[in-house]
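Peer 1: This is coords.csv, which holds CSV, C-alpha atoms:
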```
chain,number,residue,atom,x,y,z
A,1,MET,CA,-15.1,0.2,4.6
A,2,ALA,CA,-12.1,-2.0,5.4
A,3,LYS,CA,-9.0,-0.7,7.0
A,4,ILE,CA,-6.4,0.2,4.3
A,5,THR,CA,-2.8,-0.6,4.9
A,6,ILE,CA,0.0,0.3,2.4
A,7,PHE,CA,3.3,-1.5,2.7
A,8,SER,CA,5.9,0.9,1.2
A,9,LYS,CA,9.6,1.3,0.7
A,10,ASN,CA,11.8,4.4,0.7
A,11,HIS,CA,12.6,5.9,-2.8
A,12,CYS,CA,9.6,4.1,-4.4
A,13,ILE,CA,7.8,6.3,-6.9
A,14,GLN,CA,4.7,4.0,-7.1
A,15,CYS,CA,4.5,4.1,-3.3
A,16,LYS,CA,4.6,7.9,-3.3
A,17,MET,CA,1.9,8.1,-6.0
A,18,THR,CA,-0.3,5.6,-4.1
A,19,LYS,CA,0.0,7.6,-0.8
A,20,LYS,CA,-0.7,10.8,-2.6
A,21,PHE,CA,-3.8,9.4,-4.3
A,22,LEU,CA,-5.1,8.1,-1.0
A,23,THR,CA,-4.4,11.4,0.8
A,24,GLU,CA,-6.0,13.5,-2.0
A,25,ASN,CA,-9.1,11.3,-1.7
A,26,GLN,CA,-9.2,11.6,2.1
A,27,ALA,CA,-8.8,7.9,2.6
A,28,ASP,CA,-7.8,6.8,6.1
A,29,PHE,CA,-4.8,4.5,5.7
A,30,GLU,CA,-1.9,3.1,7.7
A,31,GLU,CA,1.5,3.0,6.2
A,32,ILE,CA,4.1,0.4,7.1
A,33,ASN,CA,7.5,1.1,5.7
A,34,LEU,CA,9.3,-2.1,4.8
A,35,ASP,CA,12.7,-0.5,5.0
A,36,GLU,CA,12.0,0.5,8.6
A,37,ASN,CA,10.1,-2.7,9.5
A,38,PRO,CA,12.0,-5.5,7.8
A,39,ASP,CA,10.1,-8.0,9.9
A,40,LYS,CA,7.0,-7.3,7.8
A,41,ILE,CA,8.7,-8.4,4.5
A,42,SER,CA,7.9,-12.1,5.1
A,43,TYR,CA,4.2,-11.1,5.7
A,44,VAL,CA,4.1,-9.3,2.3
A,45,LYS,CA,5.8,-12.2,0.6
A,46,ASN,CA,3.3,-14.6,2.1
A,47,LEU,CA,0.5,-12.5,0.5
A,48,GLY,CA,2.3,-13.4,-2.8
A,49,PHE,CA,4.0,-10.0,-3.5
A,50,THR,CA,7.6,-9.2,-4.1
A,51,ALA,CA,7.3,-5.5,-5.1
A,52,ALA,CA,6.1,-2.4,-3.2
A,53,PRO,CA,3.7,-0.9,-2.8
A,54,VAL,CA,1.4,-3.6,-1.5
A,55,ILE,CA,-2.1,-2.4,-0.6
A,56,GLU,CA,-4.3,-4.4,1.7
A,57,ALA,CA,-7.9,-3.7,2.6
A,58,GLY,CA,-9.9,-6.5,4.2
A,59,ASP,CA,-9.6,-9.5,2.0
A,60,ILE,CA,-8.4,-7.5,-1.0
A,61,ALA,CA,-4.6,-7.2,-1.7
A,62,PHE,CA,-2.8,-5.9,-4.7
A,63,SER,CA,0.5,-4.4,-5.7
A,64,GLY,CA,1.6,-1.3,-7.6
A,65,PHE,CA,-0.1,2.1,-8.2
A,66,GLN,CA,-3.5,1.1,-9.5
A,67,PRO,CA,-5.9,4.1,-9.3
A,68,SER,CA,-9.0,2.2,-10.4
A,69,ARG,CA,-8.5,-0.5,-7.7
A,70,LEU,CA,-7.7,2.2,-5.1
A,71,LYS,CA,-11.0,3.9,-6.0
A,72,GLU,CA,-12.8,0.6,-5.3
A,73,ILE,CA,-11.5,0.4,-1.7
A,74,ILE,CA,-12.0,4.0,-0.6
```
Translate this structure into structure tokens?
Peer 2:
Amino acid sequence: MAKITIFSKNHCIQCKMTKKFLTENQADFEEINLDENPDKISYVKNLGFTAAPVIEAGDIAFSGFQPSRLKEII
């Protein structure tokens, strides 16, 4: 299983829902808050995303709260 990283922002409903889903499914993940780590914004943009949350697991990356895709990576 690949390491899961979620790039989130403050006051982001989809970010909260994604973190809740991962927590409820006992998934081990690292959160990087883009509001607190603005240096990571260019990394996320280079992945091709402009909206949070961005979820990265190995060579898989996607944006938004997508329960079916989250299930695939946990």
Peer 1: Excluding stretch 71-74 of chain A and any residue of its chain fewer than 5 positions from it, enumerate the residues within 12 Å of it, using all atoms listed in the file, and give them as number ranges by chain.
Peer 2: A: 1-5, 18, 21-29, 55-62, 65-66
Peer 1: Write to file, as a PDB file, keeping the file's coordinate frame, the residues of the selection just made, with C-alpha atoms.
Peer 2:
```pdb
ATOM      1  CA  MET A   1     -15.100   0.200   4.600  1.00  0.00           C
ATOM      2  CA  ALA A   2     -12.100  -2.000   5.400  1.00  0.00           C
ATOM      3  CA  LYS A   3      -9.000  -0.700   7.000  1.00  0.00           C
ATOM      4  CA  ILE A   4      -6.400   0.200   4.300  1.00  0.00           C
ATOM      5  CA  THR A   5      -2.800  -0.600   4.900  1.00  0.00           C
ATOM      6  CA  THR A  18      -0.300   5.600  -4.100  1.00  0.00           C
ATOM      7  CA  PHE A  21      -3.800   9.400  -4.300  1.00  0.00           C
ATOM      8  CA  LEU A  22      -5.100   8.100  -1.000  1.00  0.00           C
ATOM      9  CA  THR A  23      -4.400  11.400   0.800  1.00  0.00           C
ATOM     10  CA  GLU A  24      -6.000  13.500  -2.000  1.00  0.00           C
ATOM     11  CA  ASN A  25      -9.100  11.300  -1.700  1.00  0.00           C
ATOM     12  CA  GLN A  26      -9.200  11.600   2.100  1.00  0.00           C
ATOM     13  CA  ALA A  27      -8.800   7.900   2.600  1.00  0.00           C
ATOM     14  CA  ASP A  28      -7.800   6.800   6.100  1.00  0.00           C
ATOM     15  CA  PHE A  29      -4.800   4.500   5.700  1.00  0.00           C
ATOM     16  CA  ILE A  55      -2.100  -2.400  -0.600  1.00  0.00           C
ATOM     17  CA  GLU A  56      -4.300  -4.400   1.700  1.00  0.00           C
ATOM     18  CA  ALA A  57      -7.900  -3.700   2.600  1.00  0.00           C
ATOM     19  CA  GLY A  58      -9.900  -6.500   4.200  1.00  0.00           C
ATOM     20  CA  ASP A  59      -9.600  -9.500   2.000  1.00  0.00           C
ATOM     21  CA  ILE A  60      -8.400  -7.500  -1.000  1.00  0.00           C
ATOM     22  CA  ALA A  61      -4.600  -7.200  -1.700  1.00  0.00           C
ATOM     23  CA  PHE A  62      -2.800  -5.900  -4.700  1.00  0.00           C
ATOM     24  CA  PHE A  65      -0.100   2.100  -8.200  1.00  0.00           C
ATOM     25  CA  GLN A  66      -3.500   1.100  -9.500  1.00  0.00           C
TER      26      GLN A  66
END
```
Peer 1: Set the distance at 10 Å and use all atoms listed in the file: which residues neighbour stretch 46-52 of chain A once local chain neighbours fewer than 2 positions away are removed? I'd like the list as a list in words.
Peer 2: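 Once the adjacent positions are removed, what remains is Ile6, Phe7, Ser8, Lys9, Asn10, Cys12, Ile13, Gln14, Cys15, Asn33, Leu34, Lys40, Ile41, Ser42, Tyr43, Val44, Val54, Ile55, Glu56, Ala61, Phe62, Ser63, Gly64 and Phe65 of chain A.
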Peer 1: Which is closest to A:Lys19 among A:Glu36, A:Arg69, A:Lys45, A:Pro53, if we use only C-alpha atoms?
Peer 2: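 When distances to A:Lys19 are compared using only C-alpha atoms, the smallest one comes from A:Pro53.
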